[in-house]
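S.K.: Got target_8.cif for you, mmCIF, C-alpha atoms and all ligand atoms:
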data_upload
#
loop_
_atom_site.label_atom_id
_atom_site.label_comp_id
_atom_site.auth_asym_id
_atom_site.auth_seq_id
_atom_site.Cartn_x
_atom_site.Cartn_y
_atom_site.Cartn_z
CA MET T 1 94.48 127.22 86.69
CA SER T 2 97.17 127.64 89.28
CA PHE T 3 99.74 130.35 89.56
CA PHE T 4 102.45 128.08 88.21
CA ASP T 5 100.45 126.97 85.22
CA TYR T 6 100.55 130.57 84.10
CA PHE T 7 104.33 130.47 83.89
CA ARG T 8 104.27 127.09 82.27
CA ASN T 9 101.97 128.21 79.48
CA LYS T 10 104.39 130.84 78.35
CA LYS T 11 106.82 128.17 77.27
CA GLY T 12 105.30 125.82 74.72
CA PRO T 13 102.37 123.43 75.13
CA ASN T 14 101.64 122.32 78.65
CA THR T 15 101.41 118.56 78.31
CA ALA T 16 101.70 118.12 82.08
CA SER T 17 98.30 119.72 82.63
CA ILE T 18 96.78 117.47 79.97
CA ALA T 19 98.32 114.50 81.77
CA LYS T 20 96.89 115.65 85.07
CA GLU T 21 93.40 116.07 83.68
CA ARG T 22 93.42 112.66 82.05
CA LEU T 23 94.72 111.05 85.23
CA GLN T 24 92.09 112.69 87.39
CA ILE T 25 89.35 111.29 85.18
CA ILE T 26 90.68 107.76 84.84
CA VAL T 27 91.70 107.42 88.48
CA ALA T 28 88.27 108.59 89.67
CA HIS T 29 86.63 106.08 87.35
CA GLU T 30 88.86 103.23 88.47
CA ARG T 31 88.31 104.00 92.13
CA ASN T 32 84.57 103.72 91.56
CA THR T 33 84.82 100.28 90.06
CA ARG T 34 87.33 99.06 92.63
CA GLY T 35 86.33 95.91 94.47
CA GLN T 36 83.41 95.20 92.19
CA PRO T 37 82.93 91.65 90.98
CA ASP T 38 84.50 90.94 87.59
CA TYR T 39 81.15 90.08 85.99
CA LEU T 40 79.68 93.59 86.36
CA PRO T 41 80.87 95.03 83.02
CA GLN T 42 79.46 92.05 81.14
CA LEU T 43 76.23 92.18 83.10
CA GLN T 44 75.95 95.83 82.16
CA GLN T 45 76.55 95.04 78.49
CA GLU T 46 73.94 92.28 78.41
CA LEU T 47 71.38 94.48 80.14
CA LEU T 48 72.04 97.12 77.50
CA ASP T 49 71.42 94.58 74.75
CA VAL T 50 68.12 93.48 76.29
CA ILE T 51 66.85 97.02 76.79
CA ARG T 52 67.86 97.96 73.27
CA LYS T 53 65.42 95.41 71.92
CA TYR T 54 62.71 97.80 73.09
CA VAL T 55 64.23 101.26 73.46
CA ALA T 56 67.13 102.97 71.71
CA ILE T 57 69.56 104.04 74.44
CA GLN T 58 73.22 105.02 74.66
CA ASP T 59 75.91 102.98 76.41
CA ASP T 60 76.06 105.31 79.38
CA GLN T 61 72.31 105.19 80.02
CA VAL T 62 72.57 101.95 81.94
CA GLN T 63 74.49 102.14 85.23
CA VAL T 64 75.07 99.09 87.37
CA GLN T 65 76.47 99.27 90.87
CA LEU T 66 76.88 96.79 93.65
CA ASP T 67 76.62 98.02 97.25
CA LYS T 68 77.58 95.73 100.08
CA ASN T 69 76.03 95.96 103.53
CA ASP T 70 76.74 93.76 106.50
CA SER T 71 73.87 91.42 105.82
CA CYS T 72 73.36 91.58 102.07
CA SER T 73 74.46 93.09 98.78
CA VAL T 74 72.26 95.34 96.68
CA LEU T 75 72.58 95.47 92.94
CA GLU T 76 71.47 98.90 91.88
CA LEU T 77 70.38 99.29 88.30
CA ASN T 78 69.78 102.71 86.80
CA VAL T 79 68.32 103.03 83.34
CA THR T 80 67.82 106.49 81.89
CA LEU T 81 65.27 106.46 79.11
CA PRO T 82 65.18 109.07 76.37
CA ASP T 83 62.60 111.87 76.72
CA LYS T 84 60.15 110.46 74.19
CA VAL T 85 59.74 106.73 74.47
CA MET B 1 108.34 94.62 117.36
CA ALA B 2 109.83 94.76 113.86
CA LYS B 3 108.28 97.05 111.30
CA ILE B 4 107.61 95.60 107.87
CA ILE B 5 107.81 98.10 105.03
CA VAL B 6 107.02 97.21 101.42
CA VAL B 7 108.53 99.22 98.57
CA THR B 8 106.00 98.89 95.79
CA SER B 9 104.67 100.62 92.66
CA GLY B 10 102.75 98.46 90.24
CA LYS B 11 104.82 99.72 87.34
CA GLY B 12 108.29 98.37 86.65
CA GLY B 13 111.49 100.35 86.33
CA VAL B 14 110.37 103.27 88.49
CA GLY B 15 113.03 102.88 91.19
CA LYS B 16 111.80 100.31 93.73
CA THR B 17 115.07 98.41 93.99
CA THR B 18 117.10 101.63 94.06
CA THR B 19 114.80 102.84 96.85
CA SER B 20 114.87 99.57 98.83
CA ALA B 21 118.66 99.58 98.78
CA SER B 22 118.94 103.19 99.89
CA ILE B 23 116.22 103.12 102.54
CA SER B 24 117.55 99.93 104.12
CA THR B 25 121.10 101.29 104.08
CA GLY B 26 119.91 104.58 105.59
CA LEU B 27 118.06 102.83 108.41
CA ALA B 28 121.03 100.58 109.21
CA LYS B 29 123.38 103.57 109.20
CA ARG B 30 121.27 105.01 111.98
CA GLY B 31 121.94 101.91 114.04
CA LEU B 32 118.64 100.17 113.33
CA ARG B 33 118.90 96.45 112.67
CA THR B 34 117.63 96.16 109.11
CA VAL B 35 117.08 93.38 106.60
CA VAL B 36 116.08 93.93 102.98
CA ILE B 37 114.32 91.11 101.13
CA ASP B 38 114.26 90.74 97.35
CA PHE B 39 110.77 89.47 96.42
CA ASP B 40 111.49 89.52 92.70
CA VAL B 41 111.60 85.74 92.24
CA GLY B 42 113.21 84.90 88.91
CA LEU B 43 114.77 88.33 88.44
CA ARG B 44 117.22 88.76 91.28
CA ASN B 45 118.64 92.29 91.19
CA LEU B 46 118.93 93.72 94.65
CA ASP B 47 122.14 91.72 95.21
CA LEU B 48 123.80 93.63 92.37
CA ILE B 49 122.69 97.02 93.65
CA MET B 50 123.95 96.06 97.13
CA ASN B 51 127.21 94.62 95.76
CA CYS B 52 126.79 91.13 97.20
CA GLU B 53 125.96 89.16 94.05
CA ARG B 54 129.01 86.94 94.40
CA ARG B 55 128.23 86.05 98.00
CA VAL B 56 124.77 84.59 97.34
CA VAL B 57 124.68 80.92 98.33
CA TYR B 58 121.12 80.35 99.49
CA ASP B 59 118.03 82.42 98.82
CA PHE B 60 114.57 83.29 100.11
CA VAL B 61 112.94 80.25 98.48
CA ASN B 62 115.58 77.88 99.87
CA VAL B 63 114.66 79.12 103.33
CA ILE B 64 110.91 78.78 102.71
CA GLN B 65 111.38 75.23 101.46
CA GLY B 66 113.61 74.27 104.36
CA GLU B 67 116.74 73.70 102.25
CA ALA B 68 118.70 76.29 104.20
CA THR B 69 118.35 78.06 107.50
CA LEU B 70 117.61 81.74 107.57
CA ASN B 71 121.05 82.54 108.94
CA GLN B 72 122.69 80.59 106.12
CA ALA B 73 120.82 82.65 103.54
CA LEU B 74 121.21 86.10 105.09
CA ILE B 75 124.11 88.11 103.66
CA ARG B 76 125.76 90.64 105.92
CA ASP B 77 126.55 93.95 104.26
CA LYS B 78 130.25 94.71 104.20
CA ARG B 79 129.99 98.48 104.44
CA VAL B 80 127.21 99.15 106.89
CA GLU B 81 126.74 97.42 110.20
CA ASN B 82 123.30 96.10 111.13
CA LEU B 83 122.37 95.54 107.47
CA TYR B 84 121.48 92.17 105.97
CA ILE B 85 120.20 91.10 102.56
CA LEU B 86 117.95 88.14 101.80
CA PRO B 87 118.33 87.53 98.06
CA ALA B 88 115.62 86.34 95.66
CA SER B 89 115.67 82.99 94.01
CA GLN B 90 116.63 83.08 90.34
CA THR B 91 115.22 79.88 89.04
CA ARG B 92 112.18 78.72 90.96
CA ASP B 93 108.65 79.36 89.91
CA LYS B 94 106.93 82.31 91.52
CA GLU B 95 104.39 80.18 93.37
CA ALA B 96 107.23 79.03 95.61
CA LEU B 97 106.52 82.12 97.69
CA THR B 98 103.58 80.74 99.66
CA LYS B 99 101.78 82.95 102.12
CA GLU B 100 102.58 80.55 104.97
CA GLY B 101 106.23 80.34 103.94
CA VAL B 102 106.63 84.10 103.70
CA GLU B 103 104.92 84.56 107.05
CA LYS B 104 107.20 82.05 108.72
CA VAL B 105 110.34 83.77 107.43
CA LEU B 106 109.04 87.23 108.36
CA ASN B 107 108.19 86.06 111.89
CA GLN B 108 111.68 84.68 112.29
CA LEU B 109 113.24 87.90 110.96
CA ALA B 110 111.07 89.96 113.28
CA GLU B 111 112.89 88.41 116.24
CA GLN B 112 116.28 89.71 115.06
CA PHE B 113 115.51 92.96 113.25
CA ASP B 114 113.92 96.37 113.78
CA TYR B 115 113.07 96.94 110.12
CA ILE B 116 112.18 94.49 107.37
CA ILE B 117 112.19 96.11 103.91
CA CYS B 118 110.42 94.18 101.15
CA ASP B 119 111.52 95.04 97.61
CA SER B 120 108.45 94.21 95.52
CA PRO B 121 108.52 92.98 91.93
CA ALA B 122 106.53 94.97 89.37
CA GLY B 123 102.93 94.13 88.52
CA ILE B 124 100.00 93.11 90.69
CA GLU B 125 100.52 89.36 90.48
CA HIS B 126 101.45 86.84 93.14
CA GLY B 127 104.98 88.11 93.89
CA ALA B 128 103.84 91.69 94.35
CA LEU B 129 100.90 90.58 96.49
CA MET B 130 103.18 88.50 98.72
CA ALA B 131 105.58 91.43 99.11
CA LEU B 132 102.83 93.75 100.35
CA TYR B 133 100.57 91.31 102.22
CA PHE B 134 102.28 91.48 105.61
CA ALA B 135 103.30 95.15 105.43
CA ASP B 136 102.78 97.67 108.22
CA GLU B 137 103.82 100.54 105.97
CA ALA B 138 104.15 101.00 102.22
CA VAL B 139 106.49 103.23 100.25
CA VAL B 140 104.72 103.75 96.93
CA VAL B 141 107.42 104.64 94.42
CA THR B 142 106.02 106.81 91.65
CA ASN B 143 107.50 108.61 88.64
CA PRO B 144 105.83 111.87 87.56
CA GLU B 145 104.32 110.22 84.52
CA VAL B 146 100.80 109.04 83.63
CA SER B 147 101.14 105.26 83.71
CA SER B 148 103.20 105.25 86.88
CA VAL B 149 100.68 107.44 88.74
CA ARG B 150 97.76 105.32 87.60
CA ASP B 151 99.51 102.09 88.63
CA SER B 152 100.36 103.58 92.01
CA ASP B 153 96.68 104.29 92.55
CA ARG B 154 95.86 100.67 91.78
CA ILE B 155 98.50 99.48 94.22
CA LEU B 156 96.98 101.76 96.87
CA GLY B 157 93.63 100.09 96.23
CA ILE B 158 95.23 96.68 96.70
CA LEU B 159 96.96 97.77 99.92
CA GLN B 160 93.56 98.87 101.20
CA SER B 161 91.74 95.65 100.29
CA LYS B 162 94.15 92.74 99.93
CA SER B 163 96.74 93.25 102.64
CA ARG B 164 96.78 91.33 105.89
CA ARG B 165 95.90 94.48 107.80
CA SER B 166 92.82 95.12 105.66
CA GLU B 167 91.69 91.49 105.77
CA LEU B 168 91.97 91.35 109.55
CA GLY B 169 90.38 94.77 110.01
CA LEU B 170 93.49 96.16 111.74
CA ASP B 171 94.77 99.72 111.34
CA PRO B 172 95.37 100.25 107.62
CA VAL B 173 98.82 99.99 106.05
CA LYS B 174 100.49 103.38 106.47
CA GLU B 175 101.02 104.83 103.00
CA HIS B 176 103.92 106.99 101.85
CA LEU B 177 104.41 108.53 98.44
CA LEU B 178 107.98 108.63 97.16
CA LEU B 179 108.29 110.56 93.94
CA THR B 180 111.43 109.56 92.03
CA ARG B 181 113.21 110.59 88.83
CA TYR B 182 111.86 114.08 89.31
CA ASN B 183 113.15 116.69 86.91
CA PRO B 184 112.40 120.25 88.12
CA GLU B 185 113.38 121.82 84.78
CA ARG B 186 110.89 119.72 82.88
CA VAL B 187 108.24 120.43 85.50
CA GLU B 188 108.97 124.11 85.06
CA ARG B 189 108.48 123.81 81.31
CA GLY B 190 105.14 122.09 81.81
CA GLU B 191 106.43 118.82 80.40
CA MET B 192 106.30 116.81 83.59
CA LEU B 193 103.71 116.40 86.34
CA SER B 194 104.70 118.39 89.40
CA ILE B 195 104.69 117.22 93.01
CA GLU B 196 101.42 119.07 93.57
CA ASP B 197 99.89 117.40 90.52
CA VAL B 198 100.76 113.90 91.72
CA ASN B 199 99.74 114.82 95.23
CA ASP B 200 96.36 116.09 94.03
CA ILE B 201 95.67 112.77 92.34
CA LEU B 202 97.01 110.23 94.82
CA SER B 203 96.56 112.32 97.98
CA ILE B 204 98.74 110.31 100.33
CA PRO B 205 101.48 111.77 102.55
CA LEU B 206 104.71 112.59 100.73
CA LEU B 207 107.82 110.82 102.04
CA GLY B 208 110.17 112.51 99.64
CA CYS B 209 111.11 113.52 96.15
CA ILE B 210 114.21 112.03 94.55
CA PRO B 211 115.55 114.02 91.62
CA GLU B 212 116.58 112.38 88.36
CA SER B 213 120.31 112.02 88.86
CA MET B 214 123.32 110.59 87.08
CA ALA B 215 124.57 109.48 90.48
CA VAL B 216 121.97 106.70 90.55
CA LEU B 217 123.43 104.96 87.50
CA ASN B 218 126.96 105.43 88.78
CA ALA B 219 125.91 103.99 92.12
CA SER B 220 124.34 100.91 90.59
CA ASN B 221 127.33 100.43 88.29
CA SER B 222 129.59 100.14 91.29
CA GLY B 223 127.16 98.42 93.67
CA VAL B 224 126.91 101.26 96.16
CA PRO B 225 123.42 102.28 97.28
CA VAL B 226 123.12 105.91 96.18
CA ILE B 227 122.35 107.09 99.72
CA LEU B 228 126.04 106.43 100.49
CA ASP B 229 126.99 108.97 97.81
CA GLU B 230 126.54 111.86 100.16
CA GLU B 231 127.59 114.43 97.59
CA SER B 232 124.79 113.55 95.22
CA THR B 233 121.38 115.19 95.27
CA ALA B 234 119.66 111.79 94.99
CA GLY B 235 121.68 110.46 97.94
CA GLN B 236 120.77 113.44 100.09
CA ALA B 237 117.12 113.26 99.07
CA TYR B 238 117.05 109.58 100.10
CA ASP B 239 118.62 110.49 103.42
CA ASP B 240 115.84 113.03 103.95
CA ALA B 241 113.26 110.37 103.11
CA VAL B 242 114.71 107.97 105.67
CA ALA B 243 114.68 110.74 108.29
CA ARG B 244 111.00 111.44 107.55
CA LEU B 245 110.20 107.73 107.71
CA LEU B 246 111.54 107.85 111.27
CA GLY B 247 109.36 110.84 112.07
CA GLU B 248 111.87 113.64 111.64
CA GLU B 249 110.79 116.81 109.89
CA ARG B 250 112.89 117.71 106.89
CA GLU B 251 112.22 120.31 104.28
CA LEU B 252 112.05 119.21 100.66
CA ARG B 253 115.22 119.97 98.70
CA PHE B 254 116.44 119.93 95.13
CA LEU B 255 113.28 121.33 93.63
CA ASP B 256 113.49 124.71 92.06
CA LEU B 257 113.43 127.78 94.27
CA GLN B 258 110.16 129.20 93.04
CA LYS B 259 108.13 126.34 94.44
CA LYS B 260 109.73 126.28 97.82
CA GLY B 261 107.00 128.26 99.52
CA ILE B 262 104.35 125.76 98.62
CA PHE B 263 106.27 122.77 99.94
CA LYS B 264 106.93 124.49 103.18
CA ARG B 265 103.20 124.78 103.48
CA MET B 266 102.60 121.16 102.50
CA PHE B 267 104.89 119.96 105.26
CA GLY B 268 103.91 122.64 107.67
CA GLY B 269 107.65 123.19 108.12
N1 LIG T 301 116.48 109.10 90.74
C1 LIG T 301 116.93 108.44 89.65
N2 LIG T 301 117.68 109.09 88.71
C2 LIG T 301 118.12 108.45 87.62
N3 LIG T 301 117.92 107.15 87.37
C3 LIG T 301 117.20 106.42 88.26
C4 LIG T 301 116.66 107.02 89.43
N4 LIG T 301 115.99 106.07 90.12
C5 LIG T 301 116.10 104.93 89.41
N5 LIG T 301 116.82 105.13 88.28
C6 LIG T 301 117.15 104.13 87.26
O1 LIG T 301 115.95 103.53 86.79
C7 LIG T 301 116.15 102.17 86.49
C8 LIG T 301 115.15 101.31 87.24
O2 LIG T 301 115.40 101.39 88.62
P1 LIG T 301 115.06 100.20 89.61
O3 LIG T 301 115.35 100.67 90.98
O4 LIG T 301 115.71 98.93 89.16
O5 LIG T 301 113.49 100.11 89.38
P2 LIG T 301 112.45 98.94 89.77
O6 LIG T 301 113.04 98.15 90.88
O7 LIG T 301 111.21 99.69 90.15
O8 LIG T 301 112.23 98.11 88.54
C9 LIG T 301 117.60 101.84 86.84
O9 LIG T 301 118.36 101.88 85.68
C10 LIG T 301 117.98 102.96 87.79
O10 LIG T 301 119.36 103.24 87.71
MG MG T 302 113.32 96.00 91.12
#
Take the structure in the file and write it out as structure tokens.
Ligand SMILES: Nc1ncnc2c1ncn2[C@@H]1O[C@H](COP(=O)(O)OP(=O)(O)O)[C@@H](O)[C@H]1O
Ligand SMILES: [Mg+2]
M.R.:
Amino acid sequence: MSFFDYFRNKKGPNTASIAKERLQIIVAHERNTRGQPDYLPQLQQELLDVIRKYVAIQDDQVQVQLDKNDSCSVLELNVTLPDKV
Amino acid sequence: MAKIIVVTSGKGGVGKTTTSASISTGLAKRGLRTVVIDFDVGLRNLDLIMNCERRVVYDFVNVIQGEATLNQALIRDKRVENLYILPASQTRDKEALTKEGVEKVLNQLAEQFDYIICDSPAGIEHGALMALYFADEAVVVTNPEVSSVRDSDRILGILQSKSRRSELGLDPVKEHLLLTRYNPERVERGEMLSIEDVNDILSIPLLGCIPESMAVLNASNSGVPVILDEESTAGQAYDDAVARLLGEERELRFLDLQKKGIFKRMFGG
């Protein structure tokens, strides 16, 4: 919390700091997905569906990311399984 | 070599046209040959703000399609020397702005002008992409408000990946943040994002901060770019922004006193 936030808090709810927090989260997320092909979210969803046939996992336990090099692109797939499978 | 500057934002109604009018007027007042182009095909507005709506004969699309010469379409400003306006078309479909057509017109303008200011339409569709594609610098107009800040970040992403400079691997488009409709009292009360807040999120160099001001509405009512209202805080803040665009150092003004120390530090002034 900054020096100025202290003064702000004295006068009613500080919606500006809520706005800032929300923005920081969404902007960071959107920067990560920037430049990715449009099919990635659907690919991620379908992978989730396939894995769920065998293991119960949460939405955020499958991460898909595409990294581009000069010569090729690498699709990185990260699946976190629950402790007891 | 002419400098091409796009005034862009993603979000509509944040002050792009107001800013384009004032920045182009400010540059011309300093003796720089300046043209301001309205890229908002279908929704011509810059002509009203610049008080030349009744002198529009030909427009940007007429020139692209060869129906008029550039000099027939350019409107000379009556108040400020060295200032010309190229109005948007009102009727044509947006695809009329082809990349080749825009490039041809910009190349021609570059022979006669020092600064080419492109007033972008809102959104991230064709018109907005054409307005930013050829830019050397970008003024990203942002209001201290969640959706405007988020849209500005998206536009920054597009400048970094879809502009001519990025596609050709040249030096990146130089980015400037212009915060507008800033209300220091509301910031003080914790109701509005502060300059530091927006700066923390977007982290691009700050060109200026234009306060929310009644003078802006009065200026657009009478067709006088607000920078010519030298009494007004908004007019003076735009003048500071133009000075900074040209490399001058100017301290931020019209924010409340308490915060002054921090901005001095931000600008190293
Ligand atoms: N600093 C300001 N203070 C008060 N009103 C402003 C300010 N800047 C812009 N406006 C108003 O906001 C509205 C939208 O401005 P405009 O420049 O047309 O935005 P855009 O081109 O981004 O759609 C207009 O009514 C204008 O008068
Ligand atoms: Mg506009």
S.K.: If you count only C-alpha atoms, which residues fall within 8 Å of Phe134 of chain B, apart from same-chain ones fewer than 3 positions away, as a VMD selection string?
M.R.: chain B and resid 4 103 130 to 131 163 to 165
S.K.: Tell me as a list in words which residues belonging to chain B come within 8 Å of chain T, counting only C-alpha atoms.
M.R.: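 The answer, sorted by residue number, is Glu145, Val146, Val149, Arg150, Asp153, Gly157, Ser161, Val187, Glu188, Arg189, Gly190, Glu191, Met192, Leu193, Ser194, Asp197, Val198 and Ile201 of chain B.
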S.K.: Could the residues that lie within 6 Å of ligand LIG 301 (chain T), counting all atoms listed in the file, be listed as a ChimeraX atom specification?
M.R.: /B:12-18,180-181,210-214,216-217,234
S.K.: To check your reading of the model: which residues sit at most 12 Å from ligand MG 302 (chain T) when counting only C-alpha atoms and all ligand atoms? Write the answer as a count of residues only.
M.R.: 38
S.K.: Would you mind reading off the distance between atom CA of Val56 of chain B and atom CA of Leu86 of chain B, one decimal, in Å?
M.R.: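 Interatomic distance, atom CA of Val56 of chain B to atom CA of Leu86 of chain B: 8.9 Å.
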S.K.: Which residues come within 10 Å of Lys29 of chain B, counting only C-alpha atoms, excluding same-chain residues fewer than 2 positions away, as a ChimeraX atom specification?
M.R.: /B:23-27,31-34,79-83,228
S.K.: Quick one: residues within 12 Å of Arg55 of chain B, only C-alpha atoms, excluding same-chain residues fewer than 2 positions away - as a PyMOL selection string?
M.R.: chain B and resi 47-48+50-53+57-59+72-78+85-87
S.K.: So the first atom is atom CA of His126 of chain B and the second is atom CA of Val173 of chain B; what is the distance between them in Å, to one decimal place?
M.R.: 18.6 Å
S.K.: Smallest atom-to-atom distance to Asp60 of chain T: which of T:Asp38, T:His29, T:Glu76, T:Gln44, using all atoms listed in the file?
M.R.: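 Ranking T:Asp38, T:His29, T:Glu76, T:Gln44 by distance to Asp60 of chain T, first place goes to T:Gln44.
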S.K.: Tell me, as a list of chain:residue names, which residues lie within 12 Å of Glu100 of chain B, counting all atoms listed in the file; anything in the same chain fewer than 2 positions away does not count.
M.R.: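 The filter keeps B:Ile64, B:Gln65, B:Glu95, B:Ala96, B:Leu97, B:Thr98, B:Val102, B:Glu103, B:Lys104, B:Val105, B:Leu106, B:Asn107, B:Met130, B:Tyr133, B:Phe134.
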S.K.: Please save C-alpha atoms of the selected residues as a tab-separated table (two decimals), keeping the file's coordinate frame.
M.R.:
chain	number	residue	atom	x	y	z
B	64	ILE	CA	110.91	78.78	102.71
B	65	GLN	CA	111.38	75.23	101.46
B	95	GLU	CA	104.39	80.18	93.37
B	96	ALA	CA	107.23	79.03	95.61
B	97	LEU	CA	106.52	82.12	97.69
B	98	THR	CA	103.58	80.74	99.66
B	102	VAL	CA	106.63	84.10	103.70
B	103	GLU	CA	104.92	84.56	107.05
B	104	LYS	CA	107.20	82.05	108.72
B	105	VAL	CA	110.34	83.77	107.43
B	106	LEU	CA	109.04	87.23	108.36
B	107	ASN	CA	108.19	86.06	111.89
B	130	MET	CA	103.18	88.50	98.72
B	133	TYR	CA	100.57	91.31	102.22
B	134	PHE	CA	102.28	91.48	105.61
S.K.: So that I can see what lies close to Leu43 of chain T, please list as a list in words the residues with an atom at most 12 Å from it, counting all atoms listed in the file and leaving out residues fewer than 3 positions away in the same chain.
M.R.: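 Once the nearby chain positions are removed, what remains is Gln36, Pro37, Asp38, Tyr39, Leu40, Glu46, Leu47, Leu48, Asp49, Val50, Val62, Gln63, Val64, Gln65, Leu66, Leu75 and Leu77 of chain T.
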S.K.: Between atom CA of Asn143 of chain B and atom CA of Leu207 of chain B, what distance in Å does the model show, to one decimal?
M.R.: 13.6 Å
